[in-house]
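Enquirer: Provided herewith is a single structure, encoded as structure tokens, for subsequent inquiry.
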Amino acid sequence: MPSSSSTFVAGLTSAALAAVGFLTFQASASAPADLAGPQRGGAPTKAAKAPRDKAHPTALPAGSGVGERVVYSLDDDRVWLVGPDAEVRRTFEVAPGSVDPRPGSYAVTSRSGAVTGSDGTPVEHVVRFTTVNDVTIGFSAALDGELPEPDPTVRTGGIRETVADGAALWDFATIGRAVVVIP
């Protein structure tokens, strides 16, 4: 039989995760309409683009949040893993799915070690953070190592990364970790 302190800690953890999920939902539901980003191939977004350092294109864009977080740039198809000291621990290119998340702040909601992607490709290190029109959005690494171009005829939310980058993101992006999507 579990000790009462274990039960108490488990209860607090569950309550904290529920609160983070609720607050994330509230924040996304109350976001101004001008922050809504299009699906790939849609109309241009009205959201302001975060300033980029043209001399250092892999540098973390200004205005991409604070604290430990995953930053995903829709325009650059790039991810940054940012530590608590605002230091970039890793950055890498990704291949987006055909459905993009809207720019904004999210939290990692679920993870799976290995599954079959919505495009039928075996993937690992799946880290999910939102849903857009019934399409789940998250990062994953294809076991074949491919970074495919999105097929506009198939609605997918898988943001693909290499196996090595997927392992790094998996270790970093635990449940509740902030994910900031920028234009």
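Lettering and numbering for the structure tokens are positional, with chains as A, B, ... in the shown order, residues counted from 1 in each chain, and ligands counted from 1 in the shown order.
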Name the residues in contact with Tyr72 of chain A at a cut-off of 6 Å, using only C-alpha atoms, excluding same-chain residues fewer than 5 positions from it; report them as a PDB file with N, CA and C atoms, in the first residue's frame.

Expert:
```pdb
ATOM      1  N   ARG A  78      12.937  25.952 -37.937  1.00  0.00           N
ATOM      2  CA  ARG A  78      14.060  25.748 -37.021  1.00  0.00           C
ATOM      3  C   ARG A  78      13.543  25.681 -35.596  1.00  0.00           C
ATOM      4  N   VAL A  79      14.240  24.882 -34.781  1.00  0.00           N
ATOM      5  CA  VAL A  79      13.923  24.727 -33.365  1.00  0.00           C
ATOM      6  C   VAL A  79      15.149  25.115 -32.542  1.00  0.00           C
ATOM      7  N   VAL A 181       5.903  29.129 -30.237  1.00  0.00           N
ATOM      8  CA  VAL A 181       5.867  29.114 -31.691  1.00  0.00           C
ATOM      9  C   VAL A 181       5.883  30.562 -32.159  1.00  0.00           C
TER      10      VAL A 181
END
```

Enquirer: Just want the 9 Å neighbourhood of Val126 of chain A, counted on only C-alpha atoms, with same-chain residues fewer than 3 positions away dropped. Output as a list in words.

Expert: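 Counting only C-alpha atoms, the residues come to Ser110, Arg111, Ser112, Gly113, Ala114, Val115, Val123, Gly138, Phe139, Ser140, Ala141, Gly158, Gly166 and Trp170 of chain A.
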
Enquirer: Counting only C-alpha atoms, figure out which residue out of A:Pro150, A:Pro57, A:Gly63, A:Pro84 gets nearest to Arg177 of chain A.

Expert: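 Of all the options, A:Pro84 lies closest to Arg177 of chain A.
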
Enquirer: Atom CA of Val99 of chain A to atom CA of Leu60 of chain A: how many Å, to one decimal?

Expert: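 A separation of 23.5 Å between them.
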
Enquirer: Taking 2 positions as the minimum chain separation for residues in the same chain, which residues sit within 9 Å of Thr91 of chain A when counting only C-alpha atoms? Answer as a ChimeraX atom specification.

Expert: /A:58-60,78-82,88-89,93,165

Enquirer: Atoms to include: N, CA and C atoms. Write the selected residues as a PDB file, in the first residue's frame.

Expert:
```
ATOM      1  N   THR A  58      21.250  31.282 -37.191  1.00  0.00           N
ATOM      2  CA  THR A  58      20.833  30.254 -36.231  1.00  0.00           C
ATOM      3  C   THR A  58      20.711  30.815 -34.814  1.00  0.00           C
ATOM      4  N   ALA A  59      20.976  32.117 -34.644  1.00  0.00           N
ATOM      5  CA  ALA A  59      20.852  32.743 -33.328  1.00  0.00           C
ATOM      6  C   ALA A  59      19.387  32.772 -32.906  1.00  0.00           C
ATOM      7  N   LEU A  60      19.146  32.637 -31.624  1.00  0.00           N
ATOM      8  CA  LEU A  60      17.787  32.675 -31.085  1.00  0.00           C
ATOM      9  C   LEU A  60      17.162  34.037 -31.375  1.00  0.00           C
ATOM     10  N   ARG A  78      12.937  25.952 -37.937  1.00  0.00           N
ATOM     11  CA  ARG A  78      14.060  25.748 -37.021  1.00  0.00           C
ATOM     12  C   ARG A  78      13.543  25.681 -35.596  1.00  0.00           C
ATOM     13  N   VAL A  79      14.240  24.882 -34.781  1.00  0.00           N
ATOM     14  CA  VAL A  79      13.923  24.727 -33.365  1.00  0.00           C
ATOM     15  C   VAL A  79      15.149  25.115 -32.542  1.00  0.00           C
ATOM     16  N   TRP A  80      14.898  25.774 -31.405  1.00  0.00           N
ATOM     17  CA  TRP A  80      15.938  26.076 -30.432  1.00  0.00           C
ATOM     18  C   TRP A  80      15.517  25.472 -29.102  1.00  0.00           C
ATOM     19  N   LEU A  81      16.440  24.803 -28.418  1.00  0.00           N
ATOM     20  CA  LEU A  81      16.220  24.320 -27.058  1.00  0.00           C
ATOM     21  C   LEU A  81      16.942  25.311 -26.147  1.00  0.00           C
ATOM     22  N   VAL A  82      16.181  26.029 -25.329  1.00  0.00           N
ATOM     23  CA  VAL A  82      16.722  27.132 -24.542  1.00  0.00           C
ATOM     24  C   VAL A  82      16.698  26.770 -23.063  1.00  0.00           C
ATOM     25  N   VAL A  88      21.200  28.958 -25.593  1.00  0.00           N
ATOM     26  CA  VAL A  88      20.723  27.956 -26.541  1.00  0.00           C
ATOM     27  C   VAL A  88      21.554  26.693 -26.358  1.00  0.00           C
ATOM     28  N   ARG A  89      20.878  25.619 -25.976  1.00  0.00           N
ATOM     29  CA  ARG A  89      21.574  24.346 -25.780  1.00  0.00           C
ATOM     30  C   ARG A  89      21.749  23.588 -27.090  1.00  0.00           C
ATOM     31  N   GLU A  93      17.364  22.333 -37.793  1.00  0.00           N
ATOM     32  CA  GLU A  93      16.301  22.489 -38.780  1.00  0.00           C
ATOM     33  C   GLU A  93      15.315  21.340 -38.644  1.00  0.00           C
ATOM     34  N   ASP A 165      18.535  14.823 -33.294  1.00  0.00           N
ATOM     35  CA  ASP A 165      17.837  15.998 -32.775  1.00  0.00           C
ATOM     36  C   ASP A 165      16.584  15.587 -32.008  1.00  0.00           C
TER      37      ASP A 165
END
```

Enquirer: Closest to Val70 of chain A among A:Ala142, A:Val180, A:Val108, A:Val127, using only C-alpha atoms?

Expert: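 The closest residue to Val70 of chain A is A:Val180.
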
Enquirer: Have a look at atom CA of Gly176 of chain A and atom CA of Ala86 of chain A and let me know their distance in Å, one decimal.

Expert: 18.0 Å

Enquirer: If DSSP is run on the backbone, what residues of segment 114-159 of chain A are strand (DSSP E or B)? A reply as a list in words would be ideal.

Expert: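 So the strand (DSSP E or B) residues in segment 114-159 of chain A would be Ala114, Val115, Thr116, Pro122, Val123, Glu124, His125, Val126, Val127, Arg128, Phe129, Thr130, Thr131, Val132, Val135, Thr136, Ile137, Gly138, Phe139, Ser140, Ala141, Ala142, Gly158 and Ile159 of chain A.
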
Enquirer: By how many Å are atom CA of Gly104 of chain A and atom CA of Gly120 of chain A apart?

Expert: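 If I compute the distance from atom CA of Gly104 of chain A to atom CA of Gly120 of chain A, I get 28.5 Å.
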